[in-house]
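One file, target_12.pdb, is given below (PDB, C-alpha atoms and all ligand atoms).
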ATOM      1  CA  MET A   1      68.672 190.472  83.716
ATOM      2  CA  PRO A   2      68.268 193.560  81.558
ATOM      3  CA  LEU A   3      69.268 193.307  77.901
ATOM      4  CA  SER A   4      71.342 196.491  78.077
ATOM      5  CA  LYS A   5      73.583 195.270  80.890
ATOM      6  CA  LYS A   6      74.812 191.939  79.620
ATOM      7  CA  LYS A   7      75.914 190.505  76.289
ATOM      8  CA  GLN A   8      73.293 188.088  74.976
ATOM      9  CA  PRO A   9      74.216 184.409  74.947
ATOM     10  CA  THR A  10      72.947 182.661  71.845
ATOM     11  CA  ALA A  11      71.230 179.303  71.587
ATOM     12  CA  GLY A  12      73.391 176.384  70.486
ATOM     13  CA  SER A  13      72.829 174.514  67.223
ATOM     14  CA  GLY A  14      70.217 171.777  67.422
ATOM     15  CA  SER A  15      68.566 173.666  70.250
ATOM     16  CA  LYS A  16      64.828 174.029  70.547
ATOM     17  CA  ILE A  17      65.495 177.718  71.032
ATOM     18  CA  ALA A  18      65.267 180.024  68.019
ATOM     19  CA  GLU A  19      66.313 183.669  68.170
ATOM     20  CA  LEU A  20      63.759 185.498  66.028
ATOM     21  CA  ARG A  21      65.099 189.006  66.563
ATOM     22  CA  THR A  22      67.729 190.418  68.900
ATOM     23  CA  GLY A  23      66.524 189.367  72.345
ATOM     24  CA  ILE A  24      63.327 187.691  71.072
ATOM     25  CA  TYR A  25      63.336 183.915  71.362
ATOM     26  CA  LYS A  26      60.978 181.061  70.621
ATOM     27  CA  PHE A  27      61.113 177.969  72.832
ATOM     28  CA  SER A  28      59.423 175.281  70.751
ATOM     29  CA  GLY A  29      56.508 173.707  72.578
ATOM     30  CA  GLU A  30      56.864 170.340  74.254
ATOM     31  CA  LYS A  31      53.566 168.692  73.267
ATOM     32  CA  PRO A  32      50.886 169.152  74.321
ATOM     33  CA  GLY A  33      52.224 172.453  75.640
ATOM     34  CA  SER A  34      52.303 175.605  73.556
ATOM     35  CA  HIS A  35      55.384 177.414  72.322
ATOM     36  CA  VAL A  36      56.827 179.925  74.758
ATOM     37  CA  TYR A  37      58.278 183.240  73.597
ATOM     38  CA  LEU A  38      60.829 185.247  75.552
ATOM     39  CA  ILE A  39      61.307 188.945  74.954
ATOM     40  CA  ARG A  40      64.291 190.544  76.625
ATOM     41  CA  GLY A  41      63.463 194.184  77.212
ATOM     42  CA  TRP A  42      65.967 196.779  78.332
ATOM     43  CA  ASP A  43      64.947 196.343  81.946
ATOM     44  CA  LYS A  44      62.272 193.632  82.010
ATOM     45  CA  ASN A  45      62.120 190.106  80.643
ATOM     46  CA  VAL A  46      58.744 188.915  79.389
ATOM     47  CA  LEU A  47      57.437 185.428  78.662
ATOM     48  CA  ILE A  48      54.472 184.941  76.361
ATOM     49  CA  ASP A  49      52.693 181.766  77.572
ATOM     50  CA  THR A  50      54.353 178.999  79.594
ATOM     51  CA  GLY A  51      53.188 175.611  78.251
ATOM     52  CA  ILE A  52      51.785 172.977  80.628
ATOM     53  CA  SER A  53      53.113 172.422  84.152
ATOM     54  CA  SER A  54      55.281 169.448  83.175
ATOM     55  CA  ASN A  55      57.052 171.688  80.623
ATOM     56  CA  PHE A  56      58.468 173.779  83.446
ATOM     57  CA  HIS A  57      61.781 171.902  83.681
ATOM     58  CA  TYR A  58      62.228 172.248  79.912
ATOM     59  CA  LEU A  59      61.483 175.944  80.246
ATOM     60  CA  VAL A  60      64.058 176.304  83.042
ATOM     61  CA  GLU A  61      66.605 174.593  80.791
ATOM     62  CA  CYS A  62      65.839 176.968  77.901
ATOM     63  CA  LEU A  63      66.225 179.987  80.175
ATOM     64  CA  LYS A  64      69.472 178.562  81.540
ATOM     65  CA  GLN A  65      70.886 178.264  78.023
ATOM     66  CA  LEU A  66      70.312 181.998  77.665
ATOM     67  CA  GLY A  67      71.889 182.777  81.035
ATOM     68  CA  LEU A  68      68.569 183.388  82.796
ATOM     69  CA  LYS A  69      66.891 182.012  85.897
ATOM     70  CA  VAL A  70      63.193 181.794  86.727
ATOM     71  CA  GLY A  71      63.617 184.876  88.955
ATOM     72  CA  ASP A  72      64.890 186.887  85.968
ATOM     73  CA  ILE A  73      61.448 186.744  84.338
ATOM     74  CA  ASP A  74      59.544 189.897  85.292
ATOM     75  CA  LEU A  75      56.262 189.454  83.433
ATOM     76  CA  VAL A  76      54.324 186.461  82.074
ATOM     77  CA  VAL A  77      51.607 187.332  79.560
ATOM     78  CA  LEU A  78      49.089 184.575  78.841
ATOM     79  CA  THR A  79      47.464 184.614  75.404
ATOM     80  CA  HIS A  80      44.334 182.896  76.728
ATOM     81  CA  GLU A  81      42.978 180.647  79.435
ATOM     82  CA  HIS A  82      43.691 177.150  78.043
ATOM     83  CA  PHE A  83      45.698 174.616  80.069
ATOM     84  CA  ASP A  84      48.364 174.132  77.399
ATOM     85  CA  HIS A  85      49.338 177.811  77.575
ATOM     86  CA  ILE A  86      48.994 178.568  81.299
ATOM     87  CA  GLY A  87      50.025 175.396  83.156
ATOM     88  CA  ALA A  88      53.566 176.403  84.141
ATOM     89  CA  ALA A  89      52.609 180.007  85.004
ATOM     90  CA  ALA A  90      52.122 179.072  88.665
ATOM     91  CA  PHE A  91      55.888 178.504  88.951
ATOM     92  CA  PHE A  92      56.472 182.185  88.109
ATOM     93  CA  PHE A  93      53.697 183.486  90.380
ATOM     94  CA  LYS A  94      55.903 184.458  93.344
ATOM     95  CA  THR A  95      58.611 186.202  91.362
ATOM     96  CA  ALA A  96      56.911 187.614  88.259
ATOM     97  CA  VAL A  97      53.761 189.533  87.446
ATOM     98  CA  ILE A  98      51.209 187.355  85.630
ATOM     99  CA  ALA A  99      48.950 189.109  83.113
ATOM    100  CA  ALA A 100      46.012 187.944  80.998
ATOM    101  CA  HIS A 101      42.974 189.523  79.373
ATOM    102  CA  ARG A 102      40.297 190.066  82.022
ATOM    103  CA  LEU A 103      37.998 187.436  80.453
ATOM    104  CA  ALA A 104      40.828 184.876  80.677
ATOM    105  CA  ALA A 105      42.008 186.112  84.101
ATOM    106  CA  ASN A 106      38.501 185.700  85.492
ATOM    107  CA  LYS A 107      38.288 182.065  84.394
ATOM    108  CA  ILE A 108      41.796 181.309  85.675
ATOM    109  CA  GLU A 109      41.048 182.866  89.073
ATOM    110  CA  LEU A 110      37.724 181.028  89.439
ATOM    111  CA  GLN A 111      39.358 177.797  88.181
ATOM    112  CA  ASP A 112      36.678 177.437  85.547
ATOM    113  CA  GLU A 113      37.683 173.895  84.562
ATOM    114  CA  PHE A 114      34.969 173.676  81.933
ATOM    115  CA  VAL A 115      36.865 176.345  79.990
ATOM    116  CA  THR A 116      40.531 175.934  80.991
ATOM    117  CA  MET A 117      40.383 172.087  80.859
ATOM    118  CA  THR A 118      43.291 172.041  83.316
ATOM    119  CA  ARG A 119      42.041 169.251  85.594
ATOM    120  CA  TYR A 120      41.565 166.849  82.685
ATOM    121  CA  HIS A 121      44.753 167.544  80.754
ATOM    122  CA  ASP A 122      47.249 169.027  83.224
ATOM    123  CA  ALA A 123      46.346 167.612  86.627
ATOM    124  CA  GLY A 124      49.784 168.492  88.024
ATOM    125  CA  SER A 125      49.265 172.223  87.610
ATOM    126  CA  LYS A 126      48.782 174.454  90.627
ATOM    127  CA  PRO A 127      46.167 177.167  90.943
ATOM    128  CA  PHE A 128      47.237 180.787  90.526
ATOM    129  CA  TYR A 129      45.697 184.049  89.452
ATOM    130  CA  ALA A 130      46.674 186.861  87.130
ATOM    131  CA  HIS A 131      47.987 189.939  88.942
ATOM    132  CA  VAL A 132      47.108 192.184  86.006
ATOM    133  CA  TRP A 133      43.835 191.972  84.081
ATOM    134  CA  LEU A 134      44.504 193.307  80.598
ATOM    135  CA  GLU A 135      42.179 195.207  78.285
ATOM    136  CA  ASP A 136      42.254 195.700  74.531
ATOM    137  CA  ASP A 137      44.863 198.232  73.383
ATOM    138  CA  ALA A 138      46.984 198.047  76.562
ATOM    139  CA  ILE A 139      50.680 198.662  75.921
ATOM    140  CA  ILE A 140      53.583 196.772  77.478
ATOM    141  CA  ALA A 141      56.581 199.076  77.027
ATOM    142  CA  LEU A 142      59.995 197.415  77.219
ATOM    143  CA  GLY A 143      62.184 200.174  75.827
ATOM    144  CA  ASN A 144      63.593 198.257  72.876
ATOM    145  CA  TYR A 145      60.238 196.623  72.136
ATOM    146  CA  GLU A 146      56.595 197.495  72.693
ATOM    147  CA  LEU A 147      53.767 194.992  72.802
ATOM    148  CA  ARG A 148      50.216 196.089  72.068
ATOM    149  CA  VAL A 149      47.436 193.910  73.425
ATOM    150  CA  ILE A 150      44.760 193.113  70.841
ATOM    151  CA  HIS A 151      41.719 191.369  72.275
ATOM    152  CA  THR A 152      40.812 188.655  69.745
ATOM    153  CA  PRO A 153      37.888 186.636  71.115
ATOM    154  CA  GLY A 154      36.758 183.682  69.021
ATOM    155  CA  HIS A 155      38.746 180.570  69.943
ATOM    156  CA  THR A 156      38.005 181.560  73.556
ATOM    157  CA  SER A 157      36.549 184.741  75.026
ATOM    158  CA  GLY A 158      39.832 185.763  76.661
ATOM    159  CA  CYS A 159      42.151 185.412  73.652
ATOM    160  CA  ILE A 160      44.665 188.139  72.961
ATOM    161  CA  CYS A 161      47.326 188.671  70.332
ATOM    162  CA  LEU A 162      50.408 190.776  71.054
ATOM    163  CA  TYR A 163      51.646 193.094  68.314
ATOM    164  CA  GLU A 164      55.223 194.370  68.349
ATOM    165  CA  HIS A 165      55.064 197.310  65.995
ATOM    166  CA  ASN A 166      58.811 198.061  65.592
ATOM    167  CA  GLU A 167      59.532 194.623  64.148
ATOM    168  CA  LYS A 168      55.934 194.098  63.020
ATOM    169  CA  LEU A 169      55.691 190.749  64.774
ATOM    170  CA  LEU A 170      52.372 189.272  65.808
ATOM    171  CA  PHE A 171      52.270 186.770  68.673
ATOM    172  CA  SER A 172      48.977 185.130  67.834
ATOM    173  CA  GLY A 173      48.494 182.460  70.516
ATOM    174  CA  ASP A 174      45.776 180.087  69.355
ATOM    175  CA  THR A 175      43.866 182.734  67.381
ATOM    176  CA  VAL A 176      45.508 181.999  64.036
ATOM    177  CA  PHE A 177      48.267 179.687  62.841
ATOM    178  CA  ALA A 178      50.484 179.503  59.734
ATOM    179  CA  ASN A 179      48.552 179.197  56.438
ATOM    180  CA  GLY A 180      45.573 180.894  58.059
ATOM    181  CA  THR A 181      44.618 177.774  59.985
ATOM    182  CA  LEU A 182      42.063 178.483  62.712
ATOM    183  CA  SER A 183      41.593 176.941  66.130
ATOM    184  CA  ASP A 184      38.438 175.206  67.194
ATOM    185  CA  ILE A 185      35.691 177.271  68.755
ATOM    186  CA  ALA A 186      36.252 176.251  72.365
ATOM    187  CA  THR A 187      33.799 176.463  75.247
ATOM    188  CA  SER A 188      33.990 180.202  75.881
ATOM    189  CA  GLY A 189      34.488 181.172  72.233
ATOM    190  CA  ASN A 190      32.178 181.883  69.310
ATOM    191  CA  ILE A 191      32.429 182.165  65.560
ATOM    192  CA  SER A 192      31.073 185.687  65.031
ATOM    193  CA  ASP A 193      33.630 187.151  67.450
ATOM    194  CA  TYR A 194      36.272 185.086  65.647
ATOM    195  CA  VAL A 195      35.353 186.641  62.277
ATOM    196  CA  ASN A 196      35.537 190.132  63.792
ATOM    197  CA  SER A 197      38.883 189.456  65.504
ATOM    198  CA  LEU A 198      40.475 188.163  62.300
ATOM    199  CA  GLN A 199      39.154 191.135  60.334
ATOM    200  CA  ARG A 200      40.818 193.446  62.861
ATOM    201  CA  LEU A 201      44.104 191.512  62.627
ATOM    202  CA  SER A 202      43.981 191.586  58.823
ATOM    203  CA  THR A 203      44.322 195.392  58.916
ATOM    204  CA  LEU A 204      47.741 195.178  60.632
ATOM    205  CA  ARG A 205      51.071 195.361  58.832
ATOM    206  CA  ILE A 206      52.723 192.096  59.926
ATOM    207  CA  VAL A 207      56.117 190.779  58.822
ATOM    208  CA  GLU A 208      56.095 187.552  60.832
ATOM    209  CA  MET A 209      53.415 185.770  62.797
ATOM    210  CA  CYS A 210      54.472 183.743  65.838
ATOM    211  CA  PRO A 211      51.636 181.388  66.839
ATOM    212  CA  GLY A 212      51.244 179.272  69.964
ATOM    213  CA  HIS A 213      51.681 176.026  68.026
ATOM    214  CA  GLY A 214      53.268 174.990  64.733
ATOM    215  CA  GLN A 215      55.397 176.976  62.332
ATOM    216  CA  ILE A 216      56.127 180.674  62.332
ATOM    217  CA  SER A 217      54.533 182.304  59.291
ATOM    218  CA  SER A 218      56.555 184.577  57.029
ATOM    219  CA  THR A 219      53.446 185.299  54.923
ATOM    220  CA  PRO A 220      51.183 186.487  57.733
ATOM    221  CA  GLU A 221      49.132 189.048  55.809
ATOM    222  CA  GLN A 222      48.249 186.485  53.143
ATOM    223  CA  ASP A 223      47.542 183.948  55.911
ATOM    224  CA  MET A 224      45.312 186.416  57.728
ATOM    225  CA  LYS A 225      43.220 187.028  54.599
ATOM    226  CA  GLN A 226      42.862 183.252  54.251
ATOM    227  CA  ALA A 227      41.887 182.987  57.925
ATOM    228  CA  VAL A 228      39.107 185.546  57.391
ATOM    229  CA  VAL A 229      37.804 183.442  54.460
ATOM    230  CA  TYR A 230      37.924 180.274  56.602
ATOM    231  CA  ALA A 231      36.129 181.977  59.478
ATOM    232  CA  ARG A 232      33.420 183.455  57.222
ATOM    233  CA  THR A 233      32.905 180.023  55.634
ATOM    234  CA  LEU A 234      32.606 178.496  59.115
ATOM    235  CA  MET A 235      30.105 181.216  60.022
ATOM    236  CA  GLU A 236      27.973 180.423  56.945
ATOM    237  CA  ASP A 237      28.269 176.669  57.575
ATOM    238  CA  SER A 238      27.097 177.145  61.147
ATOM    239  CA  LYS A 239      24.061 179.091  59.884
ATOM    240  CA  MET A 240      23.227 176.278  57.471
ATOM    241  CA  LEU A 241      23.659 173.742  60.252
ATOM    242  CA  PHE A 242      21.371 175.789  62.486
ATOM    243  CA  GLU A 243      18.747 175.932  59.731
ATOM    244  CA  ALA A 244      19.096 172.191  59.101
ATOM    245  CA  ILE A 245      18.503 171.277  62.742
ATOM    246  CA  THR A 246      15.711 173.804  63.266
ATOM    247  CA  PRO A 247      12.242 172.200  62.827
ATOM    248  CA  LYS A 248      10.533 173.437  59.651
ATOM    249  CA  ASP A 249       7.563 174.916  61.522
ATOM    250  CA  SER A 250       9.881 176.721  63.914
ATOM    251  CA  SER A 251      10.813 180.346  63.415
ATOM    252  CA  ILE A 252      11.850 183.374  65.401
ATOM    253  CA  PRO A 253       8.222 184.239  66.337
ATOM    254  CA  SER A 254       7.839 180.743  67.837
ATOM    255  CA  LEU A 255      11.050 181.313  69.806
ATOM    256  CA  GLY A 256       9.367 184.430  71.142
ATOM    257  CA  ALA A 257       6.311 182.331  71.925
ATOM    258  CA  SER A 258       8.405 179.884  73.912
ATOM    259  CA  VAL A 259       9.892 182.766  75.865
ATOM    260  CA  ARG A 260       6.400 184.094  76.510
ATOM    261  CA  SER A 261       5.121 180.673  77.580
ATOM    262  CA  LYS A 262       8.070 180.353  79.966
ATOM    263  CA  THR A 263       7.143 183.689  81.453
ATOM    264  CA  LYS A 264       3.537 182.536  81.783
ATOM    265  CA  SER A 265       4.561 179.302  83.481
ATOM    266  CA  GLU A 266       6.836 181.256  85.801
ATOM    267  CA  GLU A 267       3.887 183.465  86.666
ATOM    268  CA  ALA A 268       1.747 180.383  87.216
ATOM    269  CA  GLY A 269       4.320 179.056  89.655
ATOM    270  CA  LYS A 270       4.161 182.177  91.832
TER     271      LYS A 270
HETATM  272 ZN    ZN B   1      43.600 177.289  73.133
END
Can the structure in the file be given as structure tokens, please?
Amino acid sequence: MPLSKKKQPTAGSGSKIAELRTGIYKFSGEKPGSHVYLIRGWDKNVLIDTGISSNFHYLVECLKQLGLKVGDIDLVVLTHEHFDHIGAAAFFFKTAVIAAHRLAANKIELQDEFVTMTRYHDAGSKPFYAHVWLEDDAIIALGNYELRVIHTPGHTSGCICLYEHNEKLLFSGDTVFANGTLSDIATSGNISDYVNSLQRLSTLRIVEMCPGHGQISSTPEQDMKQAVVYARTLMEDSKMLFEAITPKDSSIPSLGASVRSKTKSEEAGK
């Protein structure tokens, strides 16, 4: 239901729904599911993440409180490929367009359980695929709001943040939380990409940061600087760990030697 054609109902007191801006809502996550954000555009309604499959009924109830049905959601954007963000997306598959960064979409489509962890933590979820494979810098234009896709690999390879530049809101998924807290480096992620992603985010003018879990941050720029420090420290710690576990007589030339010996043995096997 387009924002321009109907007066907006507001969430009742004590509700798990918070209206962050006109037509932008946060549905607090039902653990272990992530928060879900709803953005009511002039003509399209967008959900950011869905939580796990068992959160679907809660999600339906939240939408109902705002006068919406499942069929009123036009687009579901997934911040990354983890089970706690994507599980209920399958329930929107027939009626909405599902979008994710291509590196997340690929893992979702191939049901890469090692990365999504769906089978272990959300066995009730149904397979689906993303209709739209997003790239960095894509724009989702909603008339009253505009979301820019920022590819932020690190926690996983397919992580994105969504930046709404009119209100200067950042929907950060699991990339960064309040106080600059970082996620773990999950199976498809890595620390050096994480450092780079946070450095990119730290150049944005952000008024509020809306993460996938925990509190909304009203000091996002300060938090982002802190996140960069945390990530750089983690990077240095990982180097020290690597050095500590590397045998003293081992070095890069010997790594080259092992590659060469592998090649030799491969040749020997021919
Ligand atoms: Zn995650």
With a cut-off of 9 Å, could you pull out the residues of chain A touching ligand ZN 1 (chain B) and give me the nearest pair of atoms for each, distance in Å to one decimal, using all atoms listed in the file, ordered by chain and ascending number, as a tab-separated table?
residue	atom	partner	partner_atom	distance
A:Ser34	CA	B:ZN1	ZN	8.9
A:Thr79	CA	B:ZN1	ZN	8.6
A:His80	CA	B:ZN1	ZN	6.7
A:Glu81	CA	B:ZN1	ZN	7.2
A:His82	CA	B:ZN1	ZN	4.9
A:Phe83	CA	B:ZN1	ZN	7.7
A:Asp84	CA	B:ZN1	ZN	7.1
A:His85	CA	B:ZN1	ZN	7.3
A:Thr116	CA	B:ZN1	ZN	8.5
A:His155	CA	B:ZN1	ZN	6.7
A:Thr156	CA	B:ZN1	ZN	7.1
A:Cys159	CA	B:ZN1	ZN	8.3
A:Gly173	CA	B:ZN1	ZN	7.6
A:Asp174	CA	B:ZN1	ZN	5.2
A:Thr175	CA	B:ZN1	ZN	7.9
A:Ser183	CA	B:ZN1	ZN	7.3
A:Asp184	CA	B:ZN1	ZN	8.1
A:Ala186	CA	B:ZN1	ZN	7.5
A:Gly212	CA	B:ZN1	ZN	8.5
| request: Return as number ranges by chain the set of residues that the PyMOL selection byres (((chain A and resi 194) around 12) and not hetatm) yields on the displayed structure. | output: A: 151-160, 174-176, 182-186, 188-193, 195-201, 227-235
| request: Please provide as a list in words all residues within 6 Å of A:Phe177, with the sequence filter that same-chain residues fewer than 3 positions apart are discarded (counting only C-alpha atoms). | output: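 Close residues of A:Phe177: Gly180, Thr181 and Pro211 of chain A.
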| field | Point-to-point distance in Å for atom CA of A:Leu147 and atom CA of A:Val77 | value | 10.4 Å
| field | Shell around stretch 41-56 of chain A at 9 Å using only C-alpha atoms, local window under 6 positions removed, as a VMD selection string | value | chain A and resid 1 to 5 23 to 24 29 to 35 72 to 80 83 to 91 118 121 to 126 141 to 146 162 171 173 212
Keeping only C-alpha atoms, write the selected residues to a file as a CSV table (one decimal), keeping the file's coordinate frame.
chain,number,residue,atom,x,y,z
A,1,MET,CA,68.7,190.5,83.7
A,2,PRO,CA,68.3,193.6,81.6
A,3,LEU,CA,69.3,193.3,77.9
A,4,SER,CA,71.3,196.5,78.1
A,5,LYS,CA,73.6,195.3,80.9
A,23,GLY,CA,66.5,189.4,72.3
A,24,ILE,CA,63.3,187.7,71.1
A,29,GLY,CA,56.5,173.7,72.6
A,30,GLU,CA,56.9,170.3,74.3
A,31,LYS,CA,53.6,168.7,73.3
A,32,PRO,CA,50.9,169.2,74.3
A,33,GLY,CA,52.2,172.5,75.6
A,34,SER,CA,52.3,175.6,73.6
A,35,HIS,CA,55.4,177.4,72.3
A,72,ASP,CA,64.9,186.9,86.0
A,73,ILE,CA,61.4,186.7,84.3
A,74,ASP,CA,59.5,189.9,85.3
A,75,LEU,CA,56.3,189.5,83.4
A,76,VAL,CA,54.3,186.5,82.1
A,77,VAL,CA,51.6,187.3,79.6
A,78,LEU,CA,49.1,184.6,78.8
A,79,THR,CA,47.5,184.6,75.4
A,80,HIS,CA,44.3,182.9,76.7
A,83,PHE,CA,45.7,174.6,80.1
A,84,ASP,CA,48.4,174.1,77.4
A,85,HIS,CA,49.3,177.8,77.6
A,86,ILE,CA,49.0,178.6,81.3
A,87,GLY,CA,50.0,175.4,83.2
A,88,ALA,CA,53.6,176.4,84.1
A,89,ALA,CA,52.6,180.0,85.0
A,90,ALA,CA,52.1,179.1,88.7
A,91,PHE,CA,55.9,178.5,89.0
A,118,THR,CA,43.3,172.0,83.3
A,121,HIS,CA,44.8,167.5,80.8
A,122,ASP,CA,47.2,169.0,83.2
A,123,ALA,CA,46.3,167.6,86.6
A,124,GLY,CA,49.8,168.5,88.0
A,125,SER,CA,49.3,172.2,87.6
A,126,LYS,CA,48.8,174.5,90.6
A,141,ALA,CA,56.6,199.1,77.0
A,142,LEU,CA,60.0,197.4,77.2
A,143,GLY,CA,62.2,200.2,75.8
A,144,ASN,CA,63.6,198.3,72.9
A,145,TYR,CA,60.2,196.6,72.1
A,146,GLU,CA,56.6,197.5,72.7
A,162,LEU,CA,50.4,190.8,71.1
A,171,PHE,CA,52.3,186.8,68.7
A,173,GLY,CA,48.5,182.5,70.5
A,212,GLY,CA,51.2,179.3,70.0
| said: Under the PyMOL selection byres (((chain A and resi 130) around 6) and not hetatm), which residues of this model are included? Write them out as JSON, numbers by chain. | reply: {"A": [98, 99, 105, 129, 131, 132]}
Resulting file, chosen residues, C-alpha atoms, as a tab-separated table (two decimals), in the coordinates of the input:
chain	number	residue	atom	x	y	z
A	98	ILE	CA	51.21	187.36	85.63
A	99	ALA	CA	48.95	189.11	83.11
A	105	ALA	CA	42.01	186.11	84.10
A	129	TYR	CA	45.70	184.05	89.45
A	131	HIS	CA	47.99	189.94	88.94
A	132	VAL	CA	47.11	192.18	86.01
| query | Between atom CA of A:Ala18 and atom CA of A:Gln215, what is the distance, to one decimal in Å? | reply | 11.8 Å
Each side padded by 6 Å, which centre and which edge lengths in Å (one decimal) define the axis-aligned box around the listed atoms of stretch 51-67 of chain A? Give them as lines of an AutoDock Vina configuration file.
center_x = 61.8
center_y = 176.1
center_z = 80.9
size_x = 32.1
size_y = 25.3
size_z = 18.5
| query | When the PyMOL selection byres (((chain A and resi 168) around 10) and not hetatm) is applied to the file above, which residues end up in the set, as a VMD selection string? | reply | chain A and resid 163 to 167 169 to 171 204 to 209
| task | Return the single residue from A:Leu110, A:Val115, A:Arg40, A:Lys225 that is closest to A:Leu68, with distances computed using only C-alpha atoms. | result |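 Closest candidate: A:Arg40.
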Reconstruct N, CA and C atoms of stretch 182-200 of chain A from the incomplete input and present them as a compact mmCIF listing (two decimals), in the frame of the given file.
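File written: part_33.txt
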# COMPACT_ATOMS: atom_id res chain seq x y z
N LEU A 182 42.77 178.00 61.52
CA LEU A 182 42.06 178.48 62.71
C LEU A 182 42.08 177.42 63.81
N SER A 183 41.82 177.87 65.03
CA SER A 183 41.59 176.94 66.13
C SER A 183 40.15 176.48 66.11
N ASP A 184 39.84 175.55 66.99
CA ASP A 184 38.44 175.21 67.19
C ASP A 184 37.76 176.34 67.96
N ILE A 185 36.44 176.32 67.93
CA ILE A 185 35.69 177.27 68.76
C ILE A 185 35.49 176.56 70.10
N ALA A 186 36.29 176.94 71.07
CA ALA A 186 36.25 176.25 72.36
C ALA A 186 35.09 176.78 73.22
N THR A 187 34.99 176.24 74.42
CA THR A 187 33.80 176.46 75.25
C THR A 187 33.39 177.94 75.40
N SER A 188 34.37 178.80 75.65
CA SER A 188 33.99 180.20 75.88
C SER A 188 34.07 181.04 74.61
N GLY A 189 34.34 180.41 73.47
CA GLY A 189 34.49 181.17 72.23
C GLY A 189 33.22 181.22 71.39
N ASN A 190 33.28 181.95 70.29
CA ASN A 190 32.18 181.88 69.31
C ASN A 190 32.65 182.40 67.95
N ILE A 191 31.96 181.94 66.93
CA ILE A 191 32.43 182.16 65.56
C ILE A 191 32.28 183.63 65.12
N SER A 192 31.23 184.30 65.52
CA SER A 192 31.07 185.69 65.03
C SER A 192 32.14 186.61 65.62
N ASP A 193 32.51 186.39 66.88
CA ASP A 193 33.63 187.15 67.45
C ASP A 193 34.93 186.81 66.72
N TYR A 194 35.06 185.55 66.35
CA TYR A 194 36.27 185.09 65.65
C TYR A 194 36.43 185.83 64.31
N VAL A 195 35.32 185.92 63.56
CA VAL A 195 35.35 186.64 62.28
C VAL A 195 35.81 188.08 62.51
N ASN A 196 35.21 188.73 63.50
CA ASN A 196 35.54 190.13 63.79
C ASN A 196 37.00 190.29 64.20
N SER A 197 37.49 189.38 65.04
CA SER A 197 38.88 189.46 65.50
C SER A 197 39.85 189.33 64.33
N LEU A 198 39.58 188.38 63.44
CA LEU A 198 40.48 188.16 62.30
C LEU A 198 40.43 189.35 61.34
N GLN A 199 39.25 189.94 61.19
CA GLN A 199 39.15 191.14 60.33
C GLN A 199 40.00 192.27 60.91
N ARG A 200 39.98 192.41 62.22
CA ARG A 200 40.82 193.45 62.86
C ARG A 200 42.30 193.14 62.61
